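Inspection log for the structure reproduced underneath, given as structure tokens.
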Amino acid sequence: MSTEDVLIDWQQPLYLNFTHIAIMNRLDDFYKKIGLMERLEGDIYVCNKLNTDLEFDELSAEAEMRQLTVDDVKRIHDLYPANEIECVDVFEILVKVLPGLGIFRKDTNELAAWMVHSYYGAMFSMQTRPHYRRLGYGIRLATALTKLVIERGYQPFVVIRPQNEASRCLYTKLGFEKVYETCRVKMTPNCLQTNGAHEPSAPEFEVDDNKENKPIDEGIEDMLAEKCDISKGNEAAGQEKFSTTDEGIEDDK
């Protein structure tokens, strides 16, 4: 690694997605001589057997769960917290190729909550409109989508922040078990100057221990959601923001 000069330029900022903690520890030993490596931990939970004993009340007569279609993509993207990073094409591909579910109001066709999965069984962001919380939509969507993922031949998995008790409780109730620890890192070399000007650093992400329900980004699509919250100005202008993956889960347990 110290002599690598083709694939990696150690004098440039780097960003690594969730990788096994043992690999990151070795990398940290090496990189501390070069620069600063900031971490964000996430535990990998895998579903080997879905808990089929869970019982739910019937959906209200005003609501229905159905598979998402391309017609739903724009609404999902407009209200997705990280839509500044993920283009609408990503959602179109996910909805066309992989199963995604939504809970809709029958009378207005309003999308109350939705969830999709991304590559190879990764459970993607779950969103619930604030005024539809406490109705059990979160665990209902997670259960149904996990079943669909298994039927497609994938092994469902999710990345959960260690301090996120609400999300951990939901997924363990479904039969997910922790298999190993990972972290994603921002790597910033000590020298980031060219002709006296600072080079841009690697993408920022913040670790706020007081915000236990921060999304963990259950897949690559969600991994920068922390830095892309819709601004207060947009909310004031009437752009309603869905709750993130973990918001409302405590109510749905």
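A note on labels: chains of the structure tokens are A, B, ... as shown, every chain counts residues from 1, and ligands are counted from 1 in their shown order.
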As an MDAnalysis selection string, please: all residues of segment 72-112 of chain A that backbone DSSP puts in alpha helix (DSSP H).
chainID A and resid 73:78 88:97
For Met115 of chain A, find every residue with an atom within 7 Å (counting only C-alpha atoms), except residues of its own chain fewer than 6 positions away, and show them as a list in words.
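The contact residues come out as Gly100, Leu101, Gly102, Phe124, Ser125, Met126, Gln127 and Leu141 of chain A.
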Deliver the residues from the most recent selection as a file, using all heavy atoms, as a JSON list (two decimals), in the first residue's frame.
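Now in selection.json:
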```
[["chain", "number", "residue", "atom", "x", "y", "z"],
["A", 100, "GLY", "N", -40.11, -2.75, -4.53],
["A", 100, "GLY", "CA", -40.28, -1.67, -3.58],
["A", 100, "GLY", "C", -41.75, -1.57, -3.22],
["A", 100, "GLY", "O", -42.63, -1.87, -4.05],
["A", 101, "LEU", "N", -42.05, -1.18, -2.00],
["A", 101, "LEU", "CA", -43.43, -1.16, -1.54],
["A", 101, "LEU", "C", -43.79, 0.20, -0.97],
["A", 101, "LEU", "O", -42.94, 0.92, -0.43],
["A", 101, "LEU", "CB", -43.65, -2.22, -0.45],
["A", 101, "LEU", "CG", -43.47, -3.67, -0.88],
["A", 101, "LEU", "CD1", -43.54, -4.59, 0.33],
["A", 101, "LEU", "CD2", -44.51, -4.07, -1.91],
["A", 102, "GLY", "N", -45.03, 0.57, -1.10],
["A", 102, "GLY", "CA", -45.53, 1.80, -0.54],
["A", 102, "GLY", "C", -46.88, 1.58, 0.09],
["A", 102, "GLY", "O", -47.62, 0.66, -0.27],
["A", 124, "PHE", "N", -32.97, -0.61, 1.82],
["A", 124, "PHE", "CA", -32.77, 0.80, 1.52],
["A", 124, "PHE", "C", -33.58, 1.67, 2.49],
["A", 124, "PHE", "O", -34.25, 1.17, 3.38],
["A", 124, "PHE", "CB", -33.18, 1.04, 0.07],
["A", 124, "PHE", "CG", -32.85, 2.40, -0.48],
["A", 124, "PHE", "CD1", -31.71, 3.07, -0.10],
["A", 124, "PHE", "CD2", -33.70, 2.99, -1.40],
["A", 124, "PHE", "CE1", -31.41, 4.31, -0.62],
["A", 124, "PHE", "CE2", -33.41, 4.24, -1.93],
["A", 124, "PHE", "CZ", -32.27, 4.89, -1.54],
["A", 125, "SER", "N", -33.53, 2.95, 2.28],
["A", 125, "SER", "CA", -34.17, 3.92, 3.17],
["A", 125, "SER", "C", -35.67, 3.70, 3.27],
["A", 125, "SER", "O", -36.36, 3.52, 2.27],
["A", 125, "SER", "CB", -33.89, 5.33, 2.65],
["A", 125, "SER", "OG", -34.53, 6.28, 3.46],
["A", 126, "MET", "N", -36.16, 3.72, 4.49],
["A", 126, "MET", "CA", -37.59, 3.67, 4.77],
["A", 126, "MET", "C", -38.05, 5.07, 5.14],
["A", 126, "MET", "O", -37.48, 5.71, 6.01],
["A", 126, "MET", "CB", -37.87, 2.71, 5.92],
["A", 126, "MET", "CG", -39.34, 2.59, 6.29],
["A", 126, "MET", "SD", -39.52, 1.82, 7.92],
["A", 126, "MET", "CE", -38.68, 0.27, 7.66],
["A", 127, "GLN", "N", -39.08, 5.56, 4.47],
["A", 127, "GLN", "CA", -39.57, 6.91, 4.72],
["A", 127, "GLN", "C", -41.03, 6.86, 5.13],
["A", 127, "GLN", "O", -41.81, 6.09, 4.57],
["A", 127, "GLN", "CB", -39.43, 7.77, 3.45],
["A", 127, "GLN", "CG", -38.08, 7.69, 2.77],
["A", 127, "GLN", "CD", -37.01, 8.45, 3.52],
["A", 127, "GLN", "OE1", -37.32, 9.34, 4.30],
["A", 127, "GLN", "NE2", -35.76, 8.11, 3.28],
["A", 141, "LEU", "N", -43.87, -2.52, 6.38],
["A", 141, "LEU", "CA", -43.12, -2.43, 5.13],
["A", 141, "LEU", "C", -41.85, -3.26, 5.19],
["A", 141, "LEU", "O", -41.51, -3.98, 4.23],
["A", 141, "LEU", "CB", -42.75, -0.96, 4.84],
["A", 141, "LEU", "CG", -43.87, -0.06, 4.32],
["A", 141, "LEU", "CD1", -43.42, 1.39, 4.34],
["A", 141, "LEU", "CD2", -44.30, -0.47, 2.92]]
```
Can you list every residue in segment 32-147 of chain A that DSSP puts in strand (DSSP E or B), as number ranges by chain?
A: 35-47, 63-67, 100-105, 111-117, 122-128
When you draw a straight line from atom CA of Glu58 of chain A to atom CA of Asn109 of chain A, how long is it in Å?
18.6 Å
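Note that the spacing between atom CA of His117 of chain A and atom CA of Glu151 of chain A amounts to 13.0 Å.
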Which residue is closest to Val149 of chain A? Choose from A:Arg26, A:Lys49, A:His20, A:Lys32 and count only C-alpha atoms.
A:Lys49
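Taking only C-alpha atoms, the non-local environment of Ile21 of chain A within 7 Å (same-chain residues fewer than 3 positions away omitted) comprises A:Met24, A:Asn25, A:Glu181, A:Thr182, A:Cys183.
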Neighbouring residues of Phe18 of chain A were defined as those with any atom within 9 Å, considering only C-alpha atoms; residues of the same chain fewer than 3 positions away were excluded. Please report them as a list in words.
Ile21, Leu40, Glu41, Gly42, Val159, Thr182, Cys183, Arg184, Val185, Ile220 and Met223 of chain A
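Our summary of the geometry notes that atom CA of Val97 of chain A is positioned 17.1 Å from atom CA of Ala144 of chain A.
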Between A:Ser60, A:Thr146, A:Asn83, A:Thr3, which residue has the minimum interatomic distance to Phe104 of chain A, considering only C-alpha atoms?
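Smallest distance to Phe104 of chain A is found for A:Ser60.
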